[in-house]
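This is run-v5.cif. It holds mmCIF, C-alpha atoms.
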```cif
data_my_file
#
loop_
_atom_site.label_atom_id
_atom_site.label_comp_id
_atom_site.auth_asym_id
_atom_site.auth_seq_id
_atom_site.Cartn_x
_atom_site.Cartn_y
_atom_site.Cartn_z
CA MET A 1024 98.52 85.87 124.29
CA THR A 1025 96.62 88.00 126.80
CA ALA A 1026 93.03 89.16 126.28
CA MET A 1027 93.00 92.57 127.94
CA THR A 1028 90.16 94.43 129.63
CA PRO A 1029 89.85 98.23 130.10
CA GLY A 1030 92.62 99.44 132.40
CA SER A 1031 94.64 96.21 132.37
CA ASN A 1032 98.30 96.25 131.43
CA ILE A 1033 101.07 93.87 130.41
CA PRO A 1034 104.88 94.21 130.40
CA LEU A 1035 106.29 94.28 126.88
CA SER A 1036 108.50 91.31 126.08
CA ALA A 1037 109.77 92.89 122.85
CA ALA A 1038 111.61 96.17 122.30
CA ARG A 1039 109.75 96.79 119.03
CA VAL A 1040 105.98 96.38 119.07
CA ALA A 1041 103.24 97.01 116.54
CA VAL A 1042 99.70 97.87 117.54
CA ASP A 1043 97.24 97.15 114.73
CA VAL A 1044 93.55 98.01 114.97
CA ALA A 1045 90.96 96.09 112.93
CA ALA A 1046 87.21 96.54 112.49
CA PRO A 1047 84.53 95.56 109.95
CA VAL A 1048 85.04 98.98 108.31
CA ARG A 1049 88.09 100.92 107.28
CA LEU A 1050 89.80 102.75 110.12
CA ASP A 1051 92.27 105.59 110.36
CA VAL A 1052 94.91 104.68 112.94
CA SER A 1053 97.20 107.27 114.49
CA GLY A 1054 99.79 107.59 117.23
CA LEU A 1055 100.76 110.47 119.53
CA LEU A 1056 104.00 110.84 121.48
CA LEU A 1057 103.26 112.34 124.91
CA THR A 1058 105.43 113.85 127.62
CA ALA A 1059 104.88 113.48 131.37
CA ASP A 1060 102.17 116.17 131.29
CA GLY A 1061 100.19 114.15 128.74
CA LYS A 1062 100.81 116.55 125.83
CA VAL A 1063 102.68 116.40 122.54
CA ARG A 1064 105.82 118.53 122.28
CA SER A 1065 104.67 119.82 118.88
CA ASP A 1066 102.50 118.76 115.95
CA ASP A 1067 105.45 116.64 114.78
CA ASP A 1068 104.52 114.16 117.53
CA PHE A 1069 101.24 113.33 115.77
CA ILE A 1070 101.92 110.26 113.59
CA PHE A 1071 99.37 109.33 110.92
CA TYR A 1072 99.13 108.45 107.24
CA ASN A 1073 100.14 111.95 106.08
CA GLN A 1074 103.03 112.20 108.58
CA PRO A 1075 104.06 108.56 108.90
CA SER A 1076 107.23 108.74 110.98
CA GLY A 1077 108.52 110.31 114.15
CA PRO A 1078 111.26 109.51 116.65
CA GLY A 1079 110.79 105.83 117.54
CA VAL A 1080 107.22 105.72 116.18
CA THR A 1081 105.99 104.98 112.65
CA TYR A 1082 102.65 104.54 110.91
CA ARG A 1083 102.28 101.37 108.81
CA GLY A 1084 99.44 101.18 106.31
CA GLY A 1085 97.84 97.80 105.74
CA GLY A 1086 97.04 98.41 102.10
CA GLY A 1087 93.59 96.92 102.50
CA SER A 1088 94.83 93.41 103.17
CA ALA A 1089 95.85 94.05 106.79
CA PRO A 1090 94.88 96.61 109.43
CA ASP A 1091 96.83 99.84 109.78
CA ALA A 1092 99.29 99.84 112.66
CA ILE A 1093 101.47 102.06 114.81
CA VAL A 1094 104.95 100.61 115.32
CA VAL A 1095 106.88 101.65 118.43
CA ASP A 1096 110.61 101.07 118.82
CA THR A 1097 110.94 101.65 122.54
CA ALA A 1098 114.75 101.83 122.31
CA ALA A 1099 114.45 104.75 119.88
CA VAL A 1100 111.81 106.75 121.74
CA PRO A 1101 113.51 110.02 122.78
CA PRO A 1102 114.02 111.05 126.42
CA GLY A 1103 111.06 112.96 127.79
CA ILE A 1104 108.46 110.89 125.93
CA GLU A 1105 106.72 108.67 128.46
CA LYS A 1106 103.69 107.46 126.55
CA ILE A 1107 102.55 106.68 123.01
CA VAL A 1108 98.78 106.52 122.58
CA VAL A 1109 97.26 104.64 119.65
CA THR A 1110 94.00 106.05 118.35
CA ALA A 1111 91.45 104.91 115.78
CA SER A 1112 88.47 106.43 114.00
CA PRO A 1113 86.21 105.19 111.17
CA ASP A 1114 87.33 106.42 107.78
CA ALA A 1115 83.76 107.44 106.85
CA ALA A 1116 82.98 110.93 108.12
CA GLY A 1117 80.61 110.97 111.10
CA GLN A 1118 80.40 107.20 111.48
CA THR A 1119 80.31 105.94 115.07
CA PHE A 1120 81.75 102.76 116.54
CA GLN A 1121 78.36 101.37 117.50
CA GLY A 1122 78.14 97.83 116.20
CA ILE A 1123 81.65 97.91 114.68
CA GLU A 1124 83.78 97.52 117.81
CA PRO A 1125 87.47 97.45 116.85
CA THR A 1126 90.07 94.98 118.09
CA ALA A 1127 93.61 96.09 118.81
CA THR A 1128 96.41 93.54 118.72
CA VAL A 1129 99.81 94.22 120.26
CA ARG A 1130 102.49 92.25 118.40
CA ASN A 1131 106.21 91.70 118.39
CA ALA A 1132 107.03 93.95 115.43
CA ASP A 1133 109.92 91.76 114.30
CA ASP A 1134 108.19 88.39 113.98
CA GLY A 1135 104.48 89.26 114.22
CA THR A 1136 103.88 87.20 117.37
CA PRO A 1137 100.71 88.47 119.10
CA LEU A 1138 101.27 89.56 122.70
CA ALA A 1139 97.81 90.85 123.63
CA THR A 1140 94.42 91.80 122.21
CA PHE A 1141 91.83 94.31 123.34
CA THR A 1142 88.27 95.02 122.17
CA PRO A 1143 86.70 98.07 123.86
CA PRO A 1144 83.24 97.12 125.15
CA ARG A 1145 79.92 98.97 125.10
CA LEU A 1146 80.60 101.52 122.38
CA SER A 1147 77.81 103.75 121.06
CA ASN A 1148 78.23 107.31 119.74
CA GLU A 1149 82.04 107.42 119.83
CA THR A 1150 83.62 108.56 116.56
CA ALA A 1151 87.22 108.20 117.78
CA LEU A 1152 88.99 106.12 120.41
CA VAL A 1153 92.20 106.01 122.35
CA VAL A 1154 92.57 102.26 122.11
CA ILE A 1155 95.96 101.28 123.54
CA GLU A 1156 98.81 103.15 125.16
CA ILE A 1157 102.45 102.10 125.29
CA TYR A 1158 103.96 103.71 128.38
CA LEU A 1159 107.15 103.84 130.45
CA ARG A 1160 106.93 102.96 134.14
CA ASN A 1161 109.98 102.59 136.42
CA GLY A 1162 112.28 102.14 133.45
CA ALA A 1163 110.19 99.40 131.81
CA TRP A 1164 107.79 99.66 128.87
CA LYS A 1165 104.24 98.35 129.19
CA ALA A 1166 100.99 98.29 127.23
CA ARG A 1167 97.65 99.33 128.73
CA ALA A 1168 94.14 98.82 127.36
CA VAL A 1169 92.28 102.15 127.37
CA GLY A 1170 89.16 102.31 125.21
CA GLN A 1171 88.45 105.99 125.90
CA GLY A 1172 85.93 107.33 123.38
CA TYR A 1173 85.35 110.76 121.88
CA ALA A 1174 82.08 111.89 120.28
CA ASN A 1175 83.81 114.75 118.44
CA GLY A 1176 86.23 112.60 116.46
CA LEU A 1177 89.97 113.03 116.18
CA ALA A 1178 89.59 116.76 116.85
CA GLY A 1179 88.65 115.91 120.44
CA ILE A 1180 91.67 113.65 120.86
CA ALA A 1181 93.98 116.17 119.24
CA THR A 1182 92.75 118.97 121.48
CA ASP A 1183 93.15 116.86 124.62
CA PHE A 1184 96.75 116.03 123.78
CA GLY A 1185 97.85 119.45 122.57
CA VAL A 1186 97.84 119.09 118.79
CA SER A 1187 96.99 122.38 117.08
CA VAL A 1188 93.47 122.29 115.64
CA GLU A 1189 92.32 125.24 113.60
CA GLU A 1190 88.64 125.95 114.09
CA GLU A 1191 86.63 126.51 110.93
CA PRO A 1192 84.82 129.90 111.08
CA ALA A 1193 81.07 129.84 110.69
CA ALA A 1194 81.06 132.51 107.96
CA PRO A 1195 84.51 133.16 106.51
CA PRO A 1196 85.00 136.72 105.27
CA VAL A 1197 85.95 137.38 101.66
CA PRO A 1198 88.87 139.83 101.65
CA ALA A 1199 89.58 142.12 98.75
CA ALA A 1200 93.01 140.57 98.35
CA ALA A 1201 93.87 137.30 100.00
CA PRO A 1202 97.15 137.37 101.97
CA PRO A 1203 99.80 134.76 101.26
CA ALA A 1204 99.02 131.42 102.89
CA PRO A 1205 101.27 130.69 105.89
CA VAL A 1206 103.47 127.61 105.88
CA ALA A 1207 102.08 125.18 108.43
CA ALA A 1208 102.93 121.77 109.83
CA PRO A 1209 101.20 118.80 108.18
CA VAL A 1210 97.55 118.84 109.14
CA ASP A 1211 95.33 115.76 109.12
CA PRO A 1212 92.37 116.72 106.93
CA ARG A 1213 90.16 114.43 109.02
CA ILE A 1214 90.70 116.71 112.03
CA ALA A 1215 90.49 120.19 110.57
CA PRO A 1216 89.66 120.54 106.89
CA PRO A 1217 90.71 124.11 106.06
CA ALA A 1218 87.99 126.61 105.11
CA PRO A 1219 88.85 128.62 102.00
CA ALA A 1220 88.76 132.41 102.34
CA ALA A 1221 87.09 132.66 98.94
CA PRO A 1222 85.39 130.12 96.68
CA PRO A 1223 88.23 127.98 95.31
CA ALA A 1224 88.80 127.26 91.66
CA PRO A 1225 87.52 123.84 90.57
CA PRO A 1226 90.17 121.22 91.44
CA ALA A 1227 91.92 119.34 88.69
CA ALA A 1228 90.39 115.96 88.01
CA PRO A 1229 92.37 113.12 89.62
CA PRO A 1230 94.07 110.66 87.28
CA ALA A 1231 91.88 107.79 86.21
CA ALA A 1232 94.20 105.30 87.84
CA ALA A 1233 93.44 106.74 91.28
CA GLY A 1234 89.72 105.97 91.13
CA LYS A 1235 87.82 103.05 92.63
CA ILE A 1236 84.45 101.92 91.37
CA ASN A 1237 82.04 99.00 91.68
CA LEU A 1238 80.12 96.80 89.25
CA ASP A 1239 76.77 98.60 89.39
CA LYS A 1240 77.15 99.94 85.84
CA GLY A 1241 78.28 96.65 84.35
CA ARG A 1242 81.63 95.66 82.85
CA VAL A 1243 84.62 97.68 84.05
CA SER A 1244 87.77 98.29 82.01
CA LEU A 1245 90.69 99.03 84.35
CA GLN A 1246 93.82 101.06 83.83
CA LYS A 1247 97.06 100.28 85.65
CA ASN A 1248 96.76 100.80 89.44
CA GLN A 1249 93.01 101.34 89.24
CA THR A 1250 90.79 99.42 91.67
CA VAL A 1251 87.26 98.05 91.38
CA SER A 1252 85.21 96.78 94.32
CA LEU A 1253 83.50 93.49 93.51
CA VAL A 1254 80.18 94.80 94.78
CA LYS A 1255 76.98 95.03 92.77
CA GLY A 1256 73.74 96.53 94.05
CA GLY A 1257 75.38 97.17 97.41
CA ALA A 1258 76.07 93.47 98.05
CA PRO A 1259 79.45 91.72 97.89
CA LEU A 1260 79.91 89.47 94.88
CA LEU A 1261 80.51 86.25 96.85
CA SER A 1262 80.37 83.74 94.01
CA ARG A 1263 82.61 81.78 91.69
CA VAL A 1264 84.67 83.98 89.42
CA ARG A 1265 87.14 83.04 86.71
CA MET A 1266 90.33 84.94 85.98
CA GLY A 1267 91.17 84.51 82.32
CA LEU A 1268 94.65 85.41 81.09
CA GLY A 1269 95.58 85.63 77.43
CA TRP A 1270 98.43 86.64 75.17
CA GLU A 1271 99.60 86.44 71.56
CA PRO A 1272 103.12 86.25 70.09
CA ALA A 1273 104.38 89.63 68.91
CA PHE A 1274 105.94 88.03 65.83
CA ARG A 1275 103.84 85.92 63.50
CA GLY A 1276 104.74 82.23 63.39
CA LYS A 1277 106.61 82.28 66.70
CA ASP A 1278 105.16 80.33 69.64
CA ILE A 1279 105.47 81.75 73.11
CA ASP A 1280 105.08 79.63 76.23
CA LEU A 1281 103.77 81.61 79.19
CA ASP A 1282 102.47 80.29 82.50
CA ALA A 1283 99.64 81.90 84.48
CA SER A 1284 99.59 81.49 88.25
CA VAL A 1285 97.96 82.85 91.37
CA ILE A 1286 99.73 83.32 94.71
CA ALA A 1287 97.70 83.33 97.95
CA TYR A 1288 98.73 85.37 101.01
CA GLY A 1289 97.60 85.83 104.59
CA PRO A 1290 96.90 89.15 106.36
CA ASN A 1291 100.57 89.70 107.19
CA ARG A 1292 101.64 89.14 103.56
CA ASN A 1293 102.66 85.61 104.51
CA HIS A 1294 102.76 83.17 101.59
CA LEU A 1295 100.07 80.48 101.91
CA ASP A 1296 100.27 78.62 98.57
CA SER A 1297 100.68 79.01 94.81
CA CYS A 1298 98.42 77.64 92.09
CA TYR A 1299 100.09 77.01 88.71
CA PHE A 1300 100.47 74.33 86.00
CA GLY A 1301 102.33 72.07 88.43
CA LYS A 1302 99.75 72.45 91.22
CA LEU A 1303 96.29 72.90 89.75
CA THR A 1304 94.27 73.12 93.01
CA ILE A 1305 94.96 74.97 96.27
CA LEU A 1306 93.10 76.16 99.38
CA ASN A 1307 90.99 73.00 99.61
CA GLY A 1308 89.68 73.39 96.08
CA ALA A 1309 88.68 77.06 96.38
CA ILE A 1310 91.17 77.91 93.59
CA LYS A 1311 91.60 75.75 90.47
CA HIS A 1312 93.91 76.17 87.45
CA SER A 1313 92.89 75.14 83.91
CA GLY A 1314 96.30 73.72 83.00
CA ASP A 1315 99.23 74.78 80.83
CA ASN A 1316 99.00 76.34 77.35
CA LEU A 1317 102.29 75.87 75.50
CA THR A 1318 101.88 78.22 72.55
CA GLY A 1319 99.56 81.17 73.18
CA GLU A 1320 97.87 80.44 69.85
CA GLY A 1321 94.12 80.63 69.32
CA ALA A 1322 91.32 82.95 70.30
CA GLY A 1323 90.08 83.44 73.86
CA ASP A 1324 91.79 82.97 77.19
CA ASP A 1325 95.00 80.96 77.10
CA GLU A 1326 94.80 79.89 80.76
CA THR A 1327 92.08 80.38 83.35
CA ILE A 1328 91.99 80.20 87.13
CA VAL A 1329 88.64 79.66 88.87
CA VAL A 1330 88.27 81.30 92.28
CA ASP A 1331 85.34 80.41 94.55
CA LEU A 1332 85.29 83.59 96.65
CA GLY A 1333 82.76 82.13 99.06
CA ARG A 1334 85.05 79.18 99.86
CA ILE A 1335 88.30 81.09 100.29
CA PRO A 1336 89.42 80.33 103.87
CA ALA A 1337 89.51 83.22 106.32
CA GLU A 1338 93.29 83.18 106.56
CA ALA A 1339 93.62 83.99 102.83
CA THR A 1340 93.13 87.71 102.27
CA GLY A 1341 95.21 88.47 99.17
CA LEU A 1342 95.58 86.84 95.73
CA VAL A 1343 98.13 88.00 93.14
CA PHE A 1344 97.77 86.79 89.54
CA THR A 1345 101.05 86.47 87.65
CA VAL A 1346 102.34 85.39 84.24
CA ASN A 1347 105.84 84.02 83.65
CA SER A 1348 107.93 82.95 80.69
CA PHE A 1349 109.58 79.71 81.75
CA THR A 1350 111.54 79.46 78.49
CA GLY A 1351 113.05 82.91 78.99
CA GLN A 1352 111.19 84.84 76.28
CA LYS A 1353 110.71 88.47 77.26
CA PHE A 1354 107.42 90.34 77.41
CA ASN A 1355 108.47 92.64 74.59
CA GLU A 1356 107.92 89.53 72.44
CA VAL A 1357 104.30 89.31 73.64
CA ALA A 1358 101.31 91.07 72.12
CA LYS A 1359 97.81 91.68 73.48
CA ALA A 1360 98.43 90.39 77.00
CA TYR A 1361 95.38 90.84 79.21
CA CYS A 1362 93.49 89.50 82.19
CA ARG A 1363 89.74 89.52 82.72
CA LEU A 1364 87.48 88.56 85.60
CA ILE A 1365 84.39 86.58 84.60
CA ASP A 1366 81.26 85.46 86.47
CA ASP A 1367 81.78 81.71 86.26
CA ALA A 1368 78.05 80.97 86.44
CA SER A 1369 76.85 83.31 83.68
CA GLY A 1370 80.04 83.76 81.67
CA GLU A 1371 79.62 87.55 81.93
CA GLU A 1372 82.86 89.52 81.79
CA LEU A 1373 83.01 91.73 84.87
CA VAL A 1374 86.44 93.37 84.78
CA ARG A 1375 89.15 93.59 82.11
CA PHE A 1376 92.73 94.87 82.17
CA ASP A 1377 94.76 95.12 78.95
CA LEU A 1378 98.50 95.26 79.53
CA THR A 1379 99.91 98.26 77.68
CA GLY A 1380 103.61 98.66 77.23
CA ALA A 1381 106.14 95.92 77.77
CA GLU A 1382 109.52 95.48 79.36
CA PRO A 1383 112.25 92.93 78.51
CA GLN A 1384 111.46 90.87 81.61
CA THR A 1385 110.24 87.30 82.10
CA GLY A 1386 107.51 87.88 84.67
CA VAL A 1387 104.61 90.25 85.23
CA MET A 1388 102.16 90.75 88.08
CA MET A 1389 98.85 91.30 86.28
CA ALA A 1390 96.29 91.91 89.03
CA LYS A 1391 95.51 91.35 92.68
CA LEU A 1392 92.35 90.52 94.62
CA ILE A 1393 92.29 91.86 98.19
CA LYS A 1394 89.66 90.99 100.79
CA GLN A 1395 88.52 94.00 102.82
CA PHE A 1396 87.52 93.88 106.50
CA SER A 1397 83.92 94.43 105.42
CA GLY A 1398 84.05 91.10 103.56
CA GLU A 1399 84.07 92.52 100.04
CA TRP A 1400 86.84 91.80 97.54
CA GLU A 1401 88.62 94.44 95.47
CA MET A 1402 90.53 93.89 92.22
CA THR A 1403 93.45 96.15 91.32
CA ALA A 1404 95.21 96.20 87.95
CA MET A 1405 98.99 95.96 88.42
CA GLY A 1406 101.05 95.46 85.24
CA GLU A 1407 104.32 95.31 87.19
CA PHE A 1408 107.22 93.51 85.49
CA VAL A 1409 109.62 91.25 87.39
CA LYS A 1410 112.73 89.31 86.46
CA SER A 1411 111.49 85.78 87.15
CA ARG A 1412 110.79 82.77 84.95
CA THR A 1413 108.77 80.86 87.58
CA VAL A 1414 106.03 81.57 90.08
CA ARG A 1415 108.47 80.77 92.89
CA GLY A 1416 110.45 83.89 92.03
CA MET A 1417 107.26 85.97 92.11
CA VAL A 1418 106.34 85.20 95.73
CA LYS A 1419 108.48 87.87 97.37
CA PRO A 1420 107.85 90.79 94.93
CA ALA A 1421 104.13 90.00 94.90
CA ALA A 1422 104.01 90.09 98.71
CA GLN A 1423 105.72 93.50 98.64
CA ALA A 1424 103.11 94.72 96.13
CA LEU A 1425 100.12 93.86 98.33
#
```

So that I can check it, write out the structure of this file as structure tokens.
Amino acid sequence: MTAMTPGSNIPLSAARVAVDVAAPVRLDVSGLLLTADGKVRSDDDFIFYNQPSGPGVTYRGGGGSAPDAIVVDTAAVPPGIEKIVVTASPDAAGQTFQGIEPTATVRNADDGTPLATFTPPRLSNETALVVIEIYLRNGAWKARAVGQGYANGLAGIATDFGVSVEEEPAAPPVPAAAPPAPVAAPVDPRIAPPAPAAPPAPPAAPPAAAGKINLDKGRVSLQKNQTVSLVKGGAPLLSRVRMGLGWEPAFRGKDIDLDASVIAYGPNRNHLDSCYFGKLTILNGAIKHSGDNLTGEGAGDDETIVVDLGRIPAEATGLVFTVNSFTGQKFNEVAKAYCRLIDDASGEELVRFDLTGAEPQTGVMMAKLIKQFSGEWEMTAMGEFVKSRTVRGMVKPAAQAL
């Protein structure tokens, strides 16, 4: 793998390459298809999270467990496009790159093999960067390290490359009757948030499941797909936590044998190991299982998994907690299934998710813990049912759910 410096280039040994850009904070990564004059043909050549695909170029979100990337299939890039530039900007409005220099990695998109890396040096007040460009020279595709910064964010990049940017007026007039809104191409709200002609009506409240909160106000009760950041008082909760999983039979007098497990993944959704009743310790002791409960009877957690967040190795960035019915009983025969995250030192319950609804399946993904680039962990309630009686059958669907 080549460590690139500004202006250096390498020939591409793969027809499909992915350029991912990582930093200690969340980044927005975009790609622009440019012609020989260095301009886009239209706004359709601006590829980002809200317009994720174009001819030969796609945006790939990392989902928090991996950096966002721009994937280029050089064989599918249309004639007339000679360069694809990959840009990045901090997700937080107005944040500069000073002290949070990003690293771009060029990979073989098919097998993930790294081909080159590049970290732009000496950044200060830049709020957006052209990091890498994939370009055509004498019939061959190459990658060049750029590192060109912009102090005026993605709007500066967009303007340079010909993307339409609507300027926000300093004092918008209030017409007596607003004309119909024109139909426009997708616009990245980070570049040009539209200014309303008149004060807008209050927006509808987003669904509760879309929110993300932290632990500052104490115990959090999650709904399906809702996320909580394991941060309290502004500091990551890097301590031992315990995931307790519990269930009761739906029909009195009938035992139900369920197995709780946790599956560990790397940043590319690669399976590292699984912790379950047959393998009670993984990741050098950072994750430990309490052992098998054969009935589901009794109060309290049926099975627990202790996770020492401070000892999780760097290559493990995602944990998915699952429950399976090895004997083939379906989850519509289960009552009061839940998972809860507990401070292992104090016994304080931090986060709880009660599974509502059931499907006639033998497996369920209860929750996931994802490590962010800033070092903090986030827990997301899942409640996704899968046809699988063992943790082995959960590895692939859980990876897809990260």

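Among the candidates A:Leu1138, A:Val1042, A:Ala1132, A:Ala1059, the residue lying nearest to A:Ala1026 is A:Leu1138 (atoms considered: all atoms listed in the file).
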
task = Could you give me, as a list in words, the residues within 10 Å of A:Ala1115, counting only C-alpha atoms and dropping anything in the same chain fewer than 4 positions from it?
result =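 Selected residues are Val1048, Arg1049, Leu1050, Asp1051, Thr1119, Thr1150 and Arg1213 of chain A.
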
request  = Apply the PyMOL selection byres ((chain A and resi 1389) around 10) to the file shown and report the selected residues as a list in words.
outcome  = Lys1247, Leu1268, Ala1283, Val1285, Val1343, Phe1344, Thr1345, Val1346, Ala1360, Tyr1361, Cys1362, Arg1363, Phe1376, Asp1377, Leu1378, Gly1386, Val1387, Met1388, Ala1390, Lys1391, Thr1403, Ala1404, Met1405, Gly1406, Glu1407 and Phe1408 of chain A

Output of the PyMOL selection byres ((chain A and resi 1139) around 10), listed as a count of residues only = 21

ask   = Closest to A:Asp1134 among A:Asn1291, A:Thr1385, A:Ser1348, A:Ser1112, using only C-alpha atoms?
value = A:Asn1291

Give me the result of the PyMOL selection byres ((chain A and resi 1143) around 8) on this file, residue by residue, as a JSON list (two decimals) with C-alpha atoms, keeping the file's coordinate frame.
```
[["chain", "number", "residue", "atom", "x", "y", "z"],
["A", 1028, "THR", "CA", 90.16, 94.43, 129.63],
["A", 1029, "PRO", "CA", 89.85, 98.23, 130.10],
["A", 1124, "GLU", "CA", 83.78, 97.52, 117.81],
["A", 1125, "PRO", "CA", 87.47, 97.45, 116.85],
["A", 1126, "THR", "CA", 90.07, 94.98, 118.09],
["A", 1141, "PHE", "CA", 91.83, 94.31, 123.34],
["A", 1142, "THR", "CA", 88.27, 95.02, 122.17],
["A", 1144, "PRO", "CA", 83.24, 97.12, 125.15],
["A", 1145, "ARG", "CA", 79.92, 98.97, 125.10],
["A", 1146, "LEU", "CA", 80.60, 101.52, 122.38],
["A", 1154, "VAL", "CA", 92.57, 102.26, 122.11],
["A", 1169, "VAL", "CA", 92.28, 102.15, 127.37],
["A", 1170, "GLY", "CA", 89.16, 102.31, 125.21]]
```

request  = Work out how far atom CA of A:Gly1079 is from atom CA of A:Val1052, in Å to one decimal.
outcome  = 16.6 Å

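Between A:Gly1301 and the candidates A:Ile1365, A:Val1414, A:Ala1038, A:Val1254, the tightest atom-to-atom separation, counting only C-alpha atoms, involves A:Val1414.
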
query = Restricting the calculation to all atoms listed in the file, which member of A:Ile1104, A:Leu1364, A:Val1094, A:Ala1287 is positioned closest to A:Glu1401?
reply =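 Of A:Ile1104, A:Leu1364, A:Val1094, A:Ala1287, the one nearest A:Glu1401, counting all atoms listed in the file, is A:Leu1364.
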
task = Take atom CA of A:Ala1111 and atom CA of A:Val1153 and report the distance between them in Å, one decimal.
result =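 For atom CA of A:Ala1111 relative to atom CA of A:Val1153, the distance reads 6.7 Å.
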
message = Just to confirm, what's the straight-line distance from atom CA of A:Ile1286 to atom CA of A:Cys1298 in Å (one decimal)?
response = 6.4 Å

Given 6 Å on each side, where is the centre and what are the edge lengths in Å to one decimal of the axis-aligned box enclosing the listed atoms of stretch 1065-1076 of chain A, as JSON?
```
{"center_x": 103.2, "center_y": 114.1, "center_z": 112.5, "size_x": 20.1, "size_y": 23.4, "size_z": 24.8}
```

request  = Return the single residue from A:Gly1103, A:Pro1090, A:Gly1135, A:Gly1241 that is closest to A:Glu1372, with distances computed using all atoms listed in the file.
outcome  = A:Gly1241
